[in-house]
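Report on the structure given below.
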Amino acid sequence: MMLGLAAMLSGALAGCGDGGTDQVVAENRIEPETGAAAQVAKLDEDLRNGVFAKAIRDSGAACPEVTGSQRADIRHGVRGWKAQCNNESAHLIQILPDGTAKVTSRTY
């Protein structure tokens, strides 16, 4: 009886495929924002831009003022923000779960 059950389970699992499809679906999903990232997303634009300007300056990049920010894909499956400064520099900002801002600056 046990051998028959094992064979049935093996056959049922074989019919499910190699599991690759489930993995691809999970990798294409964008996780909902929580914590600090969700709080930043709720800020009005002027306040959010001020937070981004400070984060950019704290990273060592020059940014007198953020003149605009918009949602952007930081990398596949990771949402963040693109911030444009009044000195023509642009930066990608990811808010990490601990509230730290990870700034990637574009140089010309």
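If you're wondering about the labels, chains in the structure tokens are A, B, ... by order shown, residues count from 1 in each chain, ligands from 1 in order shown.
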
Find the spatial neighbours of A:Asn49, counting only C-alpha atoms, within a cut-off of 12 Å - ignore same-chain residues fewer than 2 positions away - and output them as an mmCIF file with N, CA and C atoms, in the first residue's frame.
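Result file follows (out_20.cif):
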data_model
loop_
_atom_site.group_PDB
_atom_site.id
_atom_site.type_symbol
_atom_site.label_atom_id
_atom_site.label_comp_id
_atom_site.auth_asym_id
_atom_site.auth_seq_id
_atom_site.Cartn_x
_atom_site.Cartn_y
_atom_site.Cartn_z
ATOM 1 N N VAL A 40 6.693 57.384 3.447
ATOM 2 C CA VAL A 40 7.212 58.353 2.485
ATOM 3 C C VAL A 40 6.236 58.499 1.322
ATOM 4 N N ALA A 41 5.668 57.417 0.859
ATOM 5 C CA ALA A 41 4.724 57.461 -0.261
ATOM 6 C C ALA A 41 3.487 58.285 0.079
ATOM 7 N N LEU A 43 3.462 61.009 1.976
ATOM 8 C CA LEU A 43 3.777 62.424 2.183
ATOM 9 C C LEU A 43 3.310 63.261 1.003
ATOM 10 N N ASP A 44 2.956 64.537 1.264
ATOM 11 C CA ASP A 44 2.661 65.408 0.127
ATOM 12 C C ASP A 44 3.973 65.698 -0.605
ATOM 13 N N GLU A 45 3.878 66.113 -1.853
ATOM 14 C CA GLU A 45 5.048 66.212 -2.721
ATOM 15 C C GLU A 45 6.136 67.136 -2.160
ATOM 16 N N ASP A 46 5.767 68.286 -1.632
ATOM 17 C CA ASP A 46 6.774 69.219 -1.118
ATOM 18 C C ASP A 46 7.554 68.625 0.051
ATOM 19 N N LEU A 47 6.856 67.996 0.963
ATOM 20 C CA LEU A 47 7.518 67.386 2.116
ATOM 21 C C LEU A 47 8.390 66.209 1.672
ATOM 22 N N VAL A 51 12.493 65.609 2.081
ATOM 23 C CA VAL A 51 13.103 64.399 2.643
ATOM 24 C C VAL A 51 14.128 63.838 1.663
ATOM 25 N N PHE A 52 13.772 63.805 0.378
ATOM 26 C CA PHE A 52 14.692 63.289 -0.628
ATOM 27 C C PHE A 52 15.931 64.168 -0.767
ATOM 28 N N ALA A 53 15.775 65.491 -0.715
ATOM 29 C CA ALA A 53 16.927 66.397 -0.821
ATOM 30 C C ALA A 53 17.913 66.128 0.313
ATOM 31 N N LYS A 54 17.394 65.937 1.517
ATOM 32 C CA LYS A 54 18.273 65.647 2.660
ATOM 33 C C LYS A 54 18.972 64.296 2.468
ATOM 34 N N ALA A 55 18.238 63.299 2.013
ATOM 35 C CA ALA A 55 18.835 61.974 1.792
ATOM 36 C C ALA A 55 19.934 62.044 0.740
ATOM 37 N N ILE A 56 19.684 62.797 -0.318
ATOM 38 C CA ILE A 56 20.680 62.927 -1.388
ATOM 39 C C ILE A 56 21.930 63.622 -0.867
ATOM 40 N N CYS A 63 22.818 68.501 -4.086
ATOM 41 C CA CYS A 63 21.417 68.708 -4.470
ATOM 42 C C CYS A 63 20.869 69.842 -3.614
ATOM 43 N N PRO A 64 20.953 71.081 -4.120
ATOM 44 C CA PRO A 64 20.431 72.198 -3.338
ATOM 45 C C PRO A 64 18.942 72.045 -3.018
ATOM 46 N N GLU A 65 18.174 71.563 -4.011
ATOM 47 C CA GLU A 65 16.725 71.418 -3.824
ATOM 48 C C GLU A 65 16.191 70.373 -4.802
ATOM 49 N N VAL A 66 15.289 69.515 -4.329
ATOM 50 C CA VAL A 66 14.599 68.578 -5.214
ATOM 51 C C VAL A 66 13.398 69.321 -5.797
ATOM 52 N N THR A 67 13.363 69.404 -7.119
ATOM 53 C CA THR A 67 12.282 70.132 -7.792
ATOM 54 C C THR A 67 11.140 69.222 -8.218
ATOM 55 N N GLY A 68 11.356 67.920 -8.178
ATOM 56 C CA GLY A 68 10.296 66.990 -8.536
ATOM 57 C C GLY A 68 10.693 65.568 -8.215
ATOM 58 N N SER A 69 9.708 64.751 -7.936
ATOM 59 C CA SER A 69 9.957 63.330 -7.673
ATOM 60 C C SER A 69 8.801 62.524 -8.239
ATOM 61 N N GLN A 70 9.142 61.356 -8.719
ATOM 62 C CA GLN A 70 8.116 60.469 -9.270
ATOM 63 C C GLN A 70 8.502 59.033 -9.008
ATOM 64 N N TRP A 81 11.845 55.854 -6.007
ATOM 65 C CA TRP A 81 11.558 57.188 -6.502
ATOM 66 C C TRP A 81 12.705 57.708 -7.352
ATOM 67 N N LYS A 82 12.386 58.518 -8.331
ATOM 68 C CA LYS A 82 13.381 59.288 -9.073
ATOM 69 C C LYS A 82 13.210 60.724 -8.621
ATOM 70 N N ALA A 83 14.301 61.335 -8.162
ATOM 71 C CA ALA A 83 14.265 62.725 -7.711
ATOM 72 C C ALA A 83 15.120 63.578 -8.638
ATOM 73 N N GLN A 84 14.583 64.695 -9.057
ATOM 74 C CA GLN A 84 15.286 65.639 -9.918
ATOM 75 C C GLN A 84 15.661 66.863 -9.091
ATOM 76 N N CYS A 85 16.933 67.235 -9.129
ATOM 77 C CA CYS A 85 17.406 68.391 -8.369
ATOM 78 C C CYS A 85 17.511 69.627 -9.261
ATOM 79 N N ASN A 86 17.521 70.809 -8.636
ATOM 80 C CA ASN A 86 17.596 72.044 -9.407
ATOM 81 C C ASN A 86 18.992 72.311 -9.969
ATOM 82 N N HIS A 91 18.503 61.386 -9.246
ATOM 83 C CA HIS A 91 18.871 60.347 -8.297
ATOM 84 C C HIS A 91 17.728 59.354 -8.153
ATOM 85 N N ILE A 93 16.047 56.727 -5.529
ATOM 86 C CA ILE A 93 16.014 56.569 -4.073
ATOM 87 C C ILE A 93 15.139 55.377 -3.724
#

Exercise for review: Compile the contact shell of A:Pro97 as a list in words: residues with an atom at most 9 Å away, counting only C-alpha atoms, same-chain residues fewer than 3 positions apart removed.
Suggested key: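 Surrounding residues, per the criterion: Glu33, Thr34, Gly35, Ala36, Ala37 and Thr100 of chain A.
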
Exercise for review: Have a look at A:Ala72, A:Leu92, A:Gly99, A:Asn87 and name the one nearest to A:Ala38; count only C-alpha atoms.
Suggested key: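 Of A:Ala72, A:Leu92, A:Gly99, A:Asn87, the one nearest A:Ala38, counting only C-alpha atoms, is A:Gly99.
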
Check your understanding: Expressed in Å to a single decimal, how great is the separation between atom CA of A:Gly77 and atom CA of A:Gly60?
Key ->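 Rounded to one decimal, the two atoms are 26.6 Å apart.
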
Practice item. Name all residues at most 10 Å from A:Arg75 (count only C-alpha atoms; drop same-chain ones fewer than 4 positions away) and give them as a PyMOL selection string. Key: chain A and resi 79-80+94

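The space separating atom CA of A:Asp58 from atom CA of A:Lys42 comes to 22.0 Å.
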